file entry.txt (compact mmCIF, C-alpha atoms (C1' of nucleotides) and all ligand atoms)
# COMPACT_ATOMS: atom_id res chain seq x y z
CA MET A 1 28.69 -26.58 -4.20
CA GLN A 2 32.38 -26.14 -4.67
CA ARG A 3 31.76 -23.26 -7.03
CA TYR A 4 31.06 -21.25 -3.90
CA ARG A 5 34.76 -21.50 -3.21
CA GLN A 6 35.38 -19.01 -5.97
CA LEU A 7 33.53 -16.43 -3.90
CA GLN A 8 36.62 -16.17 -1.71
CA ILE A 9 34.69 -16.24 1.51
CA LYS A 10 35.09 -18.57 4.43
CA LEU A 11 32.59 -21.37 3.89
CA THR A 12 30.69 -21.87 7.09
CA PRO A 13 27.69 -24.19 7.42
CA GLN A 14 25.45 -21.16 7.90
CA ARG A 15 26.70 -19.58 4.71
CA LEU A 16 26.29 -22.79 2.78
CA ALA A 17 22.70 -22.99 3.98
CA ILE A 18 22.06 -19.43 2.84
CA LEU A 19 23.75 -20.08 -0.50
CA SER A 20 21.75 -23.23 -0.96
CA TYR A 21 18.52 -21.38 -0.21
CA LEU A 22 19.42 -18.66 -2.69
CA ASN A 23 20.69 -20.95 -5.42
CA GLY A 24 18.17 -20.88 -8.24
CA ASN A 25 15.67 -19.02 -6.06
CA LYS A 26 13.46 -16.79 -8.20
CA THR A 27 11.30 -15.31 -5.43
CA HIS A 28 13.53 -12.30 -4.72
CA PRO A 29 13.44 -12.92 -0.97
CA SER A 30 13.90 -10.35 1.76
CA ALA A 31 16.47 -10.78 4.52
CA GLU A 32 13.68 -12.01 6.75
CA ASP A 33 12.55 -14.59 4.20
CA ILE A 34 16.10 -15.93 4.12
CA TYR A 35 16.41 -15.81 7.88
CA LYS A 36 13.20 -17.75 8.42
CA ALA A 37 14.04 -20.37 5.83
CA VAL A 38 17.56 -21.00 7.07
CA LYS A 39 16.62 -20.88 10.74
CA LYS A 40 14.81 -24.17 10.25
CA GLN A 41 18.13 -25.93 9.76
CA PHE A 42 20.10 -23.63 12.06
CA PRO A 43 17.95 -22.61 15.01
CA THR A 44 20.72 -20.37 16.31
CA MET A 45 20.98 -18.49 13.04
CA SER A 46 20.94 -14.76 13.62
CA PHE A 47 19.89 -11.86 11.43
CA ALA A 48 23.43 -10.52 11.64
CA THR A 49 24.69 -13.61 9.86
CA VAL A 50 22.13 -13.23 7.11
CA TYR A 51 23.04 -9.59 6.62
CA ASN A 52 26.77 -10.27 6.89
CA THR A 53 26.57 -12.99 4.30
CA LEU A 54 24.46 -10.90 1.95
CA GLU A 55 26.97 -8.07 2.29
CA ALA A 56 29.86 -10.41 1.45
CA LEU A 57 27.99 -11.81 -1.53
CA LYS A 58 26.99 -8.36 -2.74
CA ASN A 59 30.62 -7.25 -2.78
CA ARG A 60 31.52 -10.26 -4.89
CA GLY A 61 28.63 -10.03 -7.33
CA GLY A 62 27.00 -13.14 -5.91
CA VAL A 63 23.75 -11.38 -5.18
CA MET A 64 22.00 -8.17 -6.19
CA GLU A 65 20.15 -5.88 -3.85
CA LEU A 66 16.82 -4.71 -5.23
CA LYS A 67 15.30 -1.39 -4.18
CA ILE A 68 11.95 -2.31 -5.63
CA ASP A 69 10.00 -2.89 -2.44
CA ASP A 70 9.48 0.20 -0.33
CA LYS A 71 9.29 -1.78 2.89
CA ARG A 72 12.44 -3.86 2.74
CA LYS A 73 15.36 -4.77 0.56
CA ARG A 74 14.95 -7.77 -1.69
CA TYR A 75 17.78 -9.97 -2.87
CA ASP A 76 18.32 -11.53 -6.26
CA PRO A 77 20.84 -14.37 -6.65
CA ASP A 78 20.69 -13.94 -10.41
CA SER A 79 23.08 -11.13 -11.15
CA THR A 80 22.86 -11.40 -14.91
CA LYS A 81 21.28 -8.42 -16.62
CA HIS A 82 17.50 -8.55 -16.44
CA HIS A 83 14.49 -6.49 -15.47
CA HIS A 84 11.47 -7.00 -13.24
CA PHE A 85 7.73 -6.98 -13.12
CA ILE A 86 6.30 -6.02 -9.73
CA CYS A 87 2.76 -6.77 -8.65
CA THR A 88 1.57 -3.72 -6.75
CA LYS A 89 -0.93 -5.83 -4.83
CA CYS A 90 1.03 -8.83 -3.54
CA ARG A 91 4.55 -7.42 -4.04
CA SER A 92 5.70 -10.46 -5.98
CA ILE A 93 8.61 -9.78 -8.28
CA VAL A 94 9.04 -11.64 -11.55
CA ASP A 95 12.05 -11.67 -13.83
CA ILE A 96 11.87 -10.16 -17.29
CA PHE A 97 14.64 -11.37 -19.54
CA LYS A 98 14.74 -9.06 -22.52
CA ASP A 99 17.42 -6.68 -23.64
CA TYR A 100 15.86 -3.31 -24.41
CA LYS A 101 19.08 -1.65 -25.54
CA LEU A 102 18.08 1.68 -24.08
CA SER A 103 20.13 4.56 -25.32
CA LEU A 104 20.28 7.94 -23.70
CA PRO A 105 20.67 10.80 -26.19
CA ASP A 106 23.61 13.09 -25.50
CA GLU A 107 21.40 16.10 -24.92
CA LEU A 108 19.74 14.22 -22.07
CA LYS A 109 22.76 12.76 -20.39
CA LYS A 110 24.79 15.94 -20.09
CA GLY A 111 28.15 14.54 -19.13
CA PHE A 112 26.90 11.58 -17.15
CA ASP A 113 28.75 8.35 -17.28
CA VAL A 114 25.95 5.83 -17.71
CA THR A 115 26.99 2.33 -16.71
CA GLY A 116 23.67 0.53 -16.69
CA ASN A 117 19.93 0.65 -16.34
CA SER A 118 17.10 -1.33 -14.93
CA ILE A 119 13.45 -1.35 -15.81
CA GLU A 120 10.54 -2.00 -13.50
CA PHE A 121 7.19 -2.89 -14.94
CA TYR A 122 4.25 -2.31 -12.64
CA GLY A 123 0.84 -3.89 -12.59
CA THR A 124 -1.19 -6.78 -11.28
CA CYS A 125 -0.10 -10.37 -11.44
CA ARG A 126 -2.38 -13.08 -12.71
CA LYS A 127 -3.13 -14.40 -9.25
CA CYS A 128 -4.12 -10.97 -7.88
CA LYS A 129 -6.19 -10.22 -10.98
CA LYS A 130 -8.21 -13.38 -10.44
CA GLY A 131 -8.54 -12.73 -6.72
CA SER A 132 -10.05 -9.27 -7.21
CA GLU A 133 -12.63 -10.42 -9.74
CA GLN A 134 -16.22 -10.73 -8.70
CA MET B 1 -0.92 29.15 -5.26
CA GLN B 2 -4.64 28.73 -5.56
CA ARG B 3 -4.13 25.71 -7.74
CA TYR B 4 -3.34 23.88 -4.52
CA ARG B 5 -7.01 24.21 -3.74
CA GLN B 6 -7.78 21.58 -6.33
CA LEU B 7 -5.86 19.07 -4.21
CA GLN B 8 -8.87 18.98 -1.89
CA ILE B 9 -6.82 19.18 1.24
CA LYS B 10 -7.08 21.69 4.02
CA LEU B 11 -4.58 24.39 3.26
CA THR B 12 -2.60 25.06 6.39
CA PRO B 13 0.43 27.36 6.52
CA GLN B 14 2.64 24.31 7.09
CA ARG B 15 1.28 22.61 4.02
CA LEU B 16 1.65 25.71 1.92
CA ALA B 17 5.29 25.93 2.98
CA ILE B 18 5.84 22.29 2.00
CA LEU B 19 4.05 22.79 -1.31
CA SER B 20 6.06 25.89 -1.99
CA TYR B 21 9.29 24.03 -1.27
CA LEU B 22 8.27 21.20 -3.55
CA ASN B 23 6.92 23.36 -6.36
CA GLY B 24 9.32 23.12 -9.27
CA ASN B 25 11.88 21.34 -7.07
CA LYS B 26 13.97 18.96 -9.17
CA THR B 27 16.22 17.61 -6.41
CA HIS B 28 13.99 14.67 -5.46
CA PRO B 29 14.23 15.48 -1.75
CA SER B 30 13.85 13.06 1.14
CA ALA B 31 11.38 13.69 3.95
CA GLU B 32 14.27 14.99 6.01
CA ASP B 33 15.32 17.42 3.29
CA ILE B 34 11.80 18.80 3.25
CA TYR B 35 11.62 18.89 7.03
CA LYS B 36 14.88 20.81 7.36
CA ALA B 37 13.97 23.31 4.66
CA VAL B 38 10.51 24.04 5.99
CA LYS B 39 11.57 24.10 9.63
CA LYS B 40 13.40 27.34 8.90
CA GLN B 41 10.09 29.11 8.43
CA PHE B 42 8.19 26.95 10.92
CA PRO B 43 10.42 26.06 13.84
CA THR B 44 7.66 23.93 15.33
CA MET B 45 7.26 21.87 12.17
CA SER B 46 7.27 18.17 12.95
CA PHE B 47 8.21 15.15 10.90
CA ALA B 48 4.66 13.88 11.33
CA THR B 49 3.35 16.88 9.43
CA VAL B 50 5.83 16.34 6.62
CA TYR B 51 4.89 12.68 6.33
CA ASN B 52 1.17 13.41 6.70
CA THR B 53 1.31 16.01 3.97
CA LEU B 54 3.31 13.76 1.66
CA GLU B 55 0.79 10.99 2.24
CA ALA B 56 -2.10 13.29 1.39
CA LEU B 57 -0.32 14.51 -1.74
CA LYS B 58 0.59 10.99 -2.79
CA ASN B 59 -3.05 9.91 -2.65
CA ARG B 60 -4.00 12.82 -4.88
CA GLY B 61 -1.19 12.44 -7.39
CA GLY B 62 0.52 15.59 -6.19
CA VAL B 63 3.79 13.83 -5.49
CA MET B 64 5.45 10.55 -6.38
CA GLU B 65 7.36 8.36 -3.99
CA LEU B 66 10.64 7.09 -5.42
CA LYS B 67 12.17 3.83 -4.23
CA ILE B 68 15.46 4.65 -5.87
CA ASP B 69 17.55 5.40 -2.81
CA ASP B 70 18.15 2.41 -0.55
CA LYS B 71 18.47 4.58 2.53
CA ARG B 72 15.31 6.65 2.39
CA LYS B 73 12.32 7.46 0.29
CA ARG B 74 12.65 10.33 -2.13
CA TYR B 75 9.80 12.50 -3.33
CA ASP B 76 9.15 13.88 -6.78
CA PRO B 77 6.64 16.70 -7.22
CA ASP B 78 6.64 16.07 -10.94
CA SER B 79 4.19 13.24 -11.44
CA THR B 80 4.25 13.31 -15.21
CA LYS B 81 5.74 10.21 -16.81
CA HIS B 82 9.50 10.32 -16.78
CA HIS B 83 12.54 8.29 -15.82
CA HIS B 84 15.65 8.92 -13.75
CA PHE B 85 19.40 8.88 -13.79
CA ILE B 86 20.97 8.07 -10.41
CA CYS B 87 24.55 8.88 -9.51
CA THR B 88 25.81 5.93 -7.52
CA LYS B 89 28.39 8.14 -5.82
CA CYS B 90 26.49 11.21 -4.60
CA ARG B 91 22.97 9.77 -4.90
CA SER B 92 21.74 12.72 -6.92
CA ILE B 93 18.74 11.94 -9.08
CA VAL B 94 18.18 13.62 -12.42
CA ASP B 95 15.08 13.54 -14.58
CA ILE B 96 15.10 11.84 -17.95
CA PHE B 97 12.25 12.95 -20.16
CA LYS B 98 12.02 10.47 -22.96
CA ASP B 99 9.28 8.05 -23.85
CA TYR B 100 10.79 4.65 -24.52
CA LYS B 101 7.51 2.92 -25.41
CA LEU B 102 8.59 -0.33 -23.81
CA SER B 103 6.47 -3.27 -24.79
CA LEU B 104 6.41 -6.57 -23.01
CA PRO B 105 5.94 -9.56 -25.34
CA ASP B 106 3.06 -11.81 -24.40
CA GLU B 107 5.29 -14.79 -23.77
CA LEU B 108 7.06 -12.75 -21.08
CA LYS B 109 4.11 -11.19 -19.35
CA LYS B 110 2.12 -14.35 -18.80
CA GLY B 111 -1.23 -12.93 -17.78
CA PHE B 112 0.10 -9.85 -16.01
CA ASP B 113 -1.77 -6.62 -16.24
CA VAL B 114 1.00 -4.15 -16.91
CA THR B 115 0.00 -0.60 -16.04
CA GLY B 116 3.30 1.21 -16.26
CA ASN B 117 7.06 1.11 -16.08
CA SER B 118 9.96 3.16 -14.90
CA ILE B 119 13.56 3.12 -15.92
CA GLU B 120 16.56 3.88 -13.77
CA PHE B 121 19.86 4.71 -15.41
CA TYR B 122 22.89 4.23 -13.21
CA GLY B 123 26.31 5.79 -13.37
CA THR B 124 28.39 8.74 -12.32
CA CYS B 125 27.28 12.33 -12.61
CA ARG B 126 29.51 14.97 -14.12
CA LYS B 127 30.41 16.45 -10.76
CA CYS B 128 31.47 13.10 -9.26
CA LYS B 129 33.38 12.19 -12.40
CA LYS B 130 35.43 15.37 -12.11
CA GLY B 131 35.94 14.91 -8.39
CA SER B 132 37.43 11.44 -8.78
CA GLU B 133 39.88 12.47 -11.50
CA GLN B 134 43.52 12.87 -10.67
C1' DG C 1 46.82 -33.92 13.19
C1' DA C 2 47.86 -29.78 16.18
C1' DG C 3 48.59 -24.87 16.58
C1' DT C 4 47.65 -20.22 14.97
C1' DT C 5 44.89 -16.55 13.62
C1' DA C 6 41.95 -13.82 11.04
C1' DT C 7 37.30 -14.36 10.09
C1' DT C 8 32.74 -15.45 11.43
C1' DT C 9 28.78 -16.26 14.49
C1' DT C 10 25.53 -14.75 17.67
C1' DA C 11 22.51 -12.40 21.15
C1' DG C 12 21.41 -8.36 22.12
C1' DA C 13 21.89 -3.37 21.93
C1' DA C 14 21.90 0.64 18.89
C1' DT C 15 20.50 3.21 15.04
C1' DT C 16 17.44 5.16 11.74
C1' DA C 17 13.47 5.95 8.82
C1' DT C 18 8.84 5.93 9.22
C1' DT C 19 4.38 5.50 11.54
C1' DC C 20 1.37 6.10 15.40
C1' DT C 21 -0.95 8.52 19.37
C1' DC C 22 -3.66 11.85 21.18
C1' DA C 23 -4.49 16.31 23.14
C1' DG C 24 -4.77 20.81 21.55
C1' DT C 25 -5.50 23.80 17.40
C1' DT C 26 -7.50 25.56 13.21
C1' DG C 27 -9.35 25.98 8.23
C1' DA C 28 -13.46 25.66 5.89
C1' DT C 29 -18.13 25.88 5.65
C1' DA C 30 -22.61 27.75 6.79
C1' DT D 1 -19.19 33.66 14.54
C1' DA D 2 -20.02 28.80 15.72
C1' DT D 3 -19.11 24.21 14.57
C1' DC D 4 -16.33 20.32 13.80
C1' DA D 5 -13.74 17.27 10.90
C1' DA D 6 -9.20 17.66 9.68
C1' DC D 7 -4.67 18.95 11.01
C1' DT D 8 -0.47 19.78 14.00
C1' DG D 9 3.20 18.42 16.84
C1' DA D 10 5.88 16.26 20.71
C1' DG D 11 6.97 12.18 21.77
C1' DA D 12 6.38 7.18 21.84
C1' DA D 13 6.26 3.03 19.01
C1' DT D 14 7.64 0.15 15.26
C1' DA D 15 10.50 -2.13 12.07
C1' DA D 16 14.47 -2.84 9.08
C1' DT D 17 19.11 -2.75 9.35
C1' DT D 18 23.63 -2.14 11.51
C1' DC D 19 26.73 -2.46 15.32
C1' DT D 20 29.20 -4.70 19.38
C1' DA D 21 32.06 -7.72 21.51
C1' DA D 22 32.87 -12.23 23.29
C1' DA D 23 33.04 -17.03 21.92
C1' DA D 24 33.61 -20.19 18.06
C1' DT D 25 35.76 -21.89 13.96
C1' DA D 26 37.50 -22.42 8.86
C1' DA D 27 41.59 -22.32 6.67
C1' DC D 28 46.32 -22.19 6.61
C1' DT D 29 51.01 -23.79 8.26
C1' DC D 30 53.96 -26.99 10.06
MN MN A 201 15.41 -11.03 -10.75
MN MN A 202 11.88 13.07 -11.32
ZN ZN A 203 0.06 -10.16 -7.17
ZN ZN A 204 27.33 12.32 -8.35
call {"tool": "encode", "arguments": {"input": "entry.txt", "output": "structure tokens", "more": "lines below"}}
Ligand SMILES: [Mn+2]
Ligand SMILES: [Mn+2]
Ligand SMILES: [Zn+2]
Ligand SMILES: [Zn+2]
result
Amino acid sequence: MQRYRQLQIKLTPQRLAILSYLNGNKTHPSAEDIYKAVKKQFPTMSFATVYNTLEALKNRGGVMELKIDDKRKRYDPDSTKHHHFICTKCRSIVDIFKDYKLSLPDELKKGFDVTGNSIEFYGTCRKCKKGSEQ
Amino acid sequence: MQRYRQLQIKLTPQRLAILSYLNGNKTHPSAEDIYKAVKKQFPTMSFATVYNTLEALKNRGGVMELKIDDKRKRYDPDSTKHHHFICTKCRSIVDIFKDYKLSLPDELKKGFDVTGNSIEFYGTCRKCKKGSEQ
DNA sequence: GAGTTATTTTAGAATTATTCTCAGTTGATA
DNA sequence: TATCAACTGAGAATAATTCTAAAATAACTC
């Protein structure tokens, strides 16, 4: 809990609740998911607080913003390098920990300064596969 | 021009203008980019027509929807398999044609049905690199 | 512990991208 | 040339996110 102190943000009860919800969370929740979960403990919690906190965390590397879902942003408290599998049916997002060491040949990167990459694998998750079977 | 006929959509002047704007376009435009460009020829063009046409094209593989930009959807008339480089400063998106043959080990994909993948390379484009130099 | 203050919270309004509505129009087919 | 399902377009509706500003408070100082 006290490792949140290193984030250099004012530790309010609302923020601690958000951090606690995010800690170890592998569901890649949306802002609304977070809002709903934390509102149970803090009925006065507002969306602005969720977004403000996510913004503060983002700036400090405490959370990553995923652009994977076309409807809403998703947040990932694990900011170590990894990739994702996305189920196109239920929108669930699953971590893929594997370093692919992708290199971009000079003739393709024409002067770009490449600082990173991320891979998205698409398909159907096990649950949705089962569900669609006859 | 007549190859648009194979798309099986009613060919209206508005749609032809959109198709002509998209044809060979490598800028990965947003709906607004398309709207603004086509409105020059069709002052009565509406956003609904742009979105309707993009939806029809999407369903027929005539255009791909990119979730790369966190502000708005981007559209790619090239639906052949390729990846992208995204400049985090100016948001420009550049095609990367290279087949990386990414395989997902069984122990990682746990029953998923993986149908495809896409890679995003991040960094600074040549123009933005120059611009930020002293 | 009390005082100070910059930061944060919150309800609600504002913004923005996208989707919807529906009345009028039109491309495609026969 | 007549028919009609599909399309257009102005504007309204929706939904995610951001903004506003007044009240509250964490953290720092004494
Ligand atoms: Mn993840
Ligand atoms: Mn492309
Ligand atoms: Zn699924
Ligand atoms: Zn750039």
call {"tool": "residues_near_ligand", "arguments": {"input": "entry.txt", "ligand": "ligand ZN 204 (chain A)", "cutoff": "10 Å", "atoms": "all atoms listed in the file", "output": "tab-separated table (two decimals) with C-alpha atoms, in the coordinates of the input"}}
result
chain	number	residue	atom	x	y	z
A	112	PHE	CA	26.90	11.58	-17.15
A	113	ASP	CA	28.75	8.35	-17.28
B	86	ILE	CA	20.97	8.07	-10.41
B	87	CYS	CA	24.55	8.88	-9.51
B	88	THR	CA	25.81	5.93	-7.52
B	89	LYS	CA	28.39	8.14	-5.82
B	90	CYS	CA	26.49	11.21	-4.60
B	91	ARG	CA	22.97	9.77	-4.90
B	92	SER	CA	21.74	12.72	-6.92
B	93	ILE	CA	18.74	11.94	-9.08
B	123	GLY	CA	26.31	5.79	-13.37
B	124	THR	CA	28.39	8.74	-12.32
B	125	CYS	CA	27.28	12.33	-12.61
B	126	ARG	CA	29.51	14.97	-14.12
B	127	LYS	CA	30.41	16.45	-10.76
B	128	CYS	CA	31.47	13.10	-9.26
B	129	LYS	CA	33.38	12.19	-12.40
B	130	LYS	CA	35.43	15.37	-12.11
B	131	GLY	CA	35.94	14.91	-8.39
call {"tool": "residues_near_ligand", "arguments": {"input": "entry.txt", "ligand": "ligand MN 201 (chain A)", "cutoff": "12 Å", "atoms": "only C-alpha atoms (C1' of nucleotides) and all ligand atoms", "output": "count of residues only"}}
result
36
call {"tool": "axis_aligned_box", "arguments": {"input": "entry.txt", "around": "region 7-17 of chain D", "padding_each_side": "4 Å", "output": "JSON"}}
result
{"center_x": 7.2, "center_y": 8.5, "center_z": 15.5, "size_x": 31.8, "size_y": 30.6, "size_z": 20.8}
call {"tool": "atom_distance", "arguments": {"input": "entry.txt", "atom1": "C1' of DA24 (chain D)", "atom2": "CA of Leu16 (chain A)"}}
result
17.1 Å
call {"tool": "interface_residues", "arguments": {"input": "entry.txt", "of": "chain C", "to": "chain A", "cutoff": "12 Å", "atoms": "all atoms listed in the file", "output": "list in words"}}
result
DA6, DT7, DT8, DT9, DT10, DA11, DG12, DA17 and DT18 of chain C
call {"tool": "calpha_fit_and_write", "arguments": {"input": "entry.txt", "fixed": "chain B", "moving": "chain A", "output": "tab-separated table (two decimals) with C-alpha atoms, keeping the file's coordinate frame"}}
result
chain	number	residue	atom	x	y	z
A	1	MET	CA	-1.06	29.09	-5.18
A	2	GLN	CA	-4.77	28.65	-5.48
A	3	ARG	CA	-4.25	25.64	-7.69
A	4	TYR	CA	-3.44	23.80	-4.49
A	5	ARG	CA	-7.11	24.11	-3.67
A	6	GLN	CA	-7.85	21.48	-6.26
A	7	LEU	CA	-5.93	19.00	-4.12
A	8	GLN	CA	-8.94	18.89	-1.80
A	9	ILE	CA	-6.88	19.13	1.34
A	10	LYS	CA	-7.15	21.62	4.13
A	11	LEU	CA	-4.66	24.37	3.34
A	12	THR	CA	-2.64	25.03	6.43
A	13	PRO	CA	0.39	27.34	6.51
A	14	GLN	CA	2.63	24.33	7.07
A	15	ARG	CA	1.25	22.58	4.03
A	16	LEU	CA	1.60	25.68	1.91
A	17	ALA	CA	5.23	25.92	2.95
A	18	ILE	CA	5.81	22.30	1.99
A	19	LEU	CA	3.99	22.77	-1.31
A	20	SER	CA	5.99	25.87	-2.03
A	21	TYR	CA	9.23	24.05	-1.30
A	22	LEU	CA	8.22	21.20	-3.59
A	23	ASN	CA	6.86	23.34	-6.39
A	24	GLY	CA	9.27	23.09	-9.30
A	25	ASN	CA	11.84	21.34	-7.12
A	26	LYS	CA	13.95	18.98	-9.21
A	27	THR	CA	16.21	17.64	-6.45
A	28	HIS	CA	14.00	14.69	-5.48
A	29	PRO	CA	14.24	15.52	-1.78
A	30	SER	CA	13.87	13.11	1.11
A	31	ALA	CA	11.42	13.71	3.94
A	32	GLU	CA	14.30	15.05	5.98
A	33	ASP	CA	15.34	17.47	3.25
A	34	ILE	CA	11.80	18.83	3.23
A	35	TYR	CA	11.63	18.92	7.00
A	36	LYS	CA	14.87	20.87	7.31
A	37	ALA	CA	13.94	23.34	4.61
A	38	VAL	CA	10.48	24.07	5.95
A	39	LYS	CA	11.56	24.15	9.58
A	40	LYS	CA	13.37	27.39	8.83
A	41	GLN	CA	10.04	29.14	8.37
A	42	PHE	CA	8.15	26.99	10.88
A	43	PRO	CA	10.41	26.12	13.79
A	44	THR	CA	7.68	23.98	15.32
A	45	MET	CA	7.28	21.92	12.18
A	46	SER	CA	7.33	18.23	12.96
A	47	PHE	CA	8.28	15.20	10.90
A	48	ALA	CA	4.74	13.90	11.32
A	49	THR	CA	3.43	16.90	9.42
A	50	VAL	CA	5.88	16.35	6.60
A	51	TYR	CA	4.93	12.69	6.35
A	52	ASN	CA	1.22	13.41	6.73
A	53	THR	CA	1.33	15.98	3.98
A	54	LEU	CA	3.33	13.75	1.68
A	55	GLU	CA	0.82	10.96	2.27
A	56	ALA	CA	-2.08	13.27	1.42
A	57	LEU	CA	-0.33	14.48	-1.71
A	58	LYS	CA	0.61	10.97	-2.76
A	59	ASN	CA	-3.03	9.88	-2.60
A	60	ARG	CA	-3.99	12.77	-4.84
A	61	GLY	CA	-1.20	12.39	-7.37
A	62	GLY	CA	0.50	15.56	-6.19
A	63	VAL	CA	3.76	13.82	-5.49
A	64	MET	CA	5.46	10.55	-6.39
A	65	GLU	CA	7.39	8.38	-4.00
A	66	LEU	CA	10.65	7.11	-5.44
A	67	LYS	CA	12.20	3.84	-4.26
A	68	ILE	CA	15.49	4.66	-5.89
A	69	ASP	CA	17.57	5.40	-2.82
A	70	ASP	CA	18.16	2.43	-0.56
A	71	LYS	CA	18.48	4.59	2.54
A	72	ARG	CA	15.34	6.68	2.39
A	73	LYS	CA	12.34	7.48	0.28
A	74	ARG	CA	12.68	10.35	-2.15
A	75	TYR	CA	9.81	12.50	-3.34
A	76	ASP	CA	9.15	13.87	-6.79
A	77	PRO	CA	6.63	16.70	-7.24
A	78	ASP	CA	6.63	16.06	-10.97
A	79	SER	CA	4.20	13.23	-11.46
A	80	THR	CA	4.27	13.29	-15.24
A	81	LYS	CA	5.77	10.21	-16.83
A	82	HIS	CA	9.55	10.32	-16.81
A	83	HIS	CA	12.59	8.30	-15.84
A	84	HIS	CA	15.70	8.91	-13.77
A	85	PHE	CA	19.44	8.87	-13.79
A	86	ILE	CA	21.00	8.09	-10.41
A	87	CYS	CA	24.58	8.87	-9.51
A	88	THR	CA	25.83	5.93	-7.49
A	89	LYS	CA	28.41	8.12	-5.79
A	90	CYS	CA	26.52	11.20	-4.60
A	91	ARG	CA	22.97	9.79	-4.88
A	92	SER	CA	21.76	12.73	-6.94
A	93	ILE	CA	18.76	11.94	-9.08
A	94	VAL	CA	18.21	13.62	-12.44
A	95	ASP	CA	15.12	13.54	-14.59
A	96	ILE	CA	15.15	11.84	-17.97
A	97	PHE	CA	12.30	12.94	-20.17
A	98	LYS	CA	12.07	10.47	-23.01
A	99	ASP	CA	9.34	8.05	-23.89
A	100	TYR	CA	10.85	4.63	-24.53
A	101	LYS	CA	7.58	2.93	-25.44
A	102	LEU	CA	8.62	-0.32	-23.83
A	103	SER	CA	6.51	-3.25	-24.83
A	104	LEU	CA	6.41	-6.53	-23.02
A	105	PRO	CA	5.91	-9.52	-25.32
A	106	ASP	CA	2.98	-11.75	-24.39
A	107	GLU	CA	5.20	-14.74	-23.73
A	108	LEU	CA	6.98	-12.71	-21.06
A	109	LYS	CA	4.04	-11.14	-19.35
A	110	LYS	CA	2.00	-14.28	-18.79
A	111	GLY	CA	-1.31	-12.81	-17.78
A	112	PHE	CA	0.03	-9.75	-16.02
A	113	ASP	CA	-1.80	-6.52	-16.26
A	114	VAL	CA	0.99	-4.05	-16.94
A	115	THR	CA	0.01	-0.49	-16.10
A	116	GLY	CA	3.33	1.28	-16.31
A	117	ASN	CA	7.08	1.16	-16.10
A	118	SER	CA	9.98	3.19	-14.91
A	119	ILE	CA	13.59	3.14	-15.93
A	120	GLU	CA	16.59	3.89	-13.78
A	121	PHE	CA	19.89	4.68	-15.40
A	122	TYR	CA	22.91	4.21	-13.18
A	123	GLY	CA	26.33	5.76	-13.36
A	124	THR	CA	28.42	8.71	-12.29
A	125	CYS	CA	27.34	12.29	-12.61
A	126	ARG	CA	29.59	14.91	-14.12
A	127	LYS	CA	30.48	16.42	-10.77
A	128	CYS	CA	31.50	13.06	-9.25
A	129	LYS	CA	33.45	12.12	-12.38
A	130	LYS	CA	35.50	15.29	-12.10
A	131	GLY	CA	35.98	14.85	-8.36
A	132	SER	CA	37.45	11.36	-8.72
A	133	GLU	CA	39.93	12.35	-11.41
A	134	GLN	CA	43.56	12.69	-10.53
call {"tool": "residues_around", "arguments": {"input": "entry.txt", "residues": "Gln41 (chain B)", "least_positions_apart": "3", "cutoff": "8 Å", "atoms": "all atoms listed in the file", "output": "ChimeraX atom specification"}}
result
/B:17,37-38
call {"tool": "closest_residue", "arguments": {"input": "entry.txt", "among": "A:Tyr122, A:Pro13, A:Lys110, A:Asn23", "to": "chain D", "atoms": "all atoms listed in the file"}}
result
A:Pro13
call {"tool": "closest_residue", "arguments": {"input": "entry.txt", "among": "C:DT21, C:DT26, C:DT4, C:DT16", "to": "DA5 (chain D)", "atoms": "all atoms listed in the file"}}
result
C:DT26
call {"tool": "interface_residues", "arguments": {"input": "entry.txt", "of": "chain D", "to": "chain B", "cutoff": "10 Å", "atoms": "only C-alpha atoms (C1' of nucleotides)", "output": "number ranges by chain"}}
result
D: 6-10
call {"tool": "write_last_selection", "arguments": {"input": "entry.txt", "atoms": "C-alpha atoms (C1' of nucleotides)", "output": "compact mmCIF listing (two decimals), keeping the file's coordinate frame"}}
result
# COMPACT_ATOMS: atom_id res chain seq x y z
C1' DA D 6 -9.20 17.66 9.68
C1' DC D 7 -4.67 18.95 11.01
C1' DT D 8 -0.47 19.78 14.00
C1' DG D 9 3.20 18.42 16.84
C1' DA D 10 5.88 16.26 20.71
call {"tool": "atom_distance", "arguments": {"input": "entry.txt", "atom1": "CA of Tyr51 (chain B)", "atom2": "C1' of DT17 (chain D)"}}
result
21.2 Å
call {"tool": "atom_distance", "arguments": {"input": "entry.txt", "atom1": "CA of Phe121 (chain B)", "atom2": "CA of Gly111 (chain A)"}}
result
13.4 Å
call {"tool": "closest_residue", "arguments": {"input": "entry.txt", "among": "A:Leu19, A:Ser30, A:Tyr100, A:Asp106", "to": "chain B", "atoms": "all atoms listed in the file"}}
result
A:Tyr100
call {"tool": "residues_around", "arguments": {"input": "entry.txt", "residues": "DT15 (chain C)", "least_positions_apart": "2", "cutoff": "12 Å", "atoms": "all atoms listed in the file", "output": "list in words"}}
result
DA13 and DA17 of chain C; DA15, DA16, DT17, DT18 and DC19 of chain D
call {"tool": "closest_residue", "arguments": {"input": "entry.txt", "among": "B:Gln8, B:Asp69, B:Asp99, B:Val50", "to": "chain A", "atoms": "all atoms listed in the file"}}
result
B:Asp69
call {"tool": "closest_residue", "arguments": {"input": "entry.txt", "among": "B:Pro43, B:Glu32, B:Pro105, B:Asp70", "to": "chain A", "atoms": "all atoms listed in the file"}}
result
B:Asp70
call {"tool": "closest_residue", "arguments": {"input": "entry.txt", "among": "A:Glu107, A:Lys58, A:Lys39, A:Ile34", "to": "chain B", "atoms": "all atoms listed in the file"}}
result
A:Glu107
call {"tool": "residues_near_point", "arguments": {"input": "entry.txt", "point": "(2.3, 7.5, 15.7)", "cutoff": "10 Å", "atoms": "all atoms listed in the file", "output": "list in words"}}
result
Ala48 of chain B; DT18, DT19, DC20, DT21 and DC22 of chain C; DG11, DA12, DA13 and DT14 of chain D
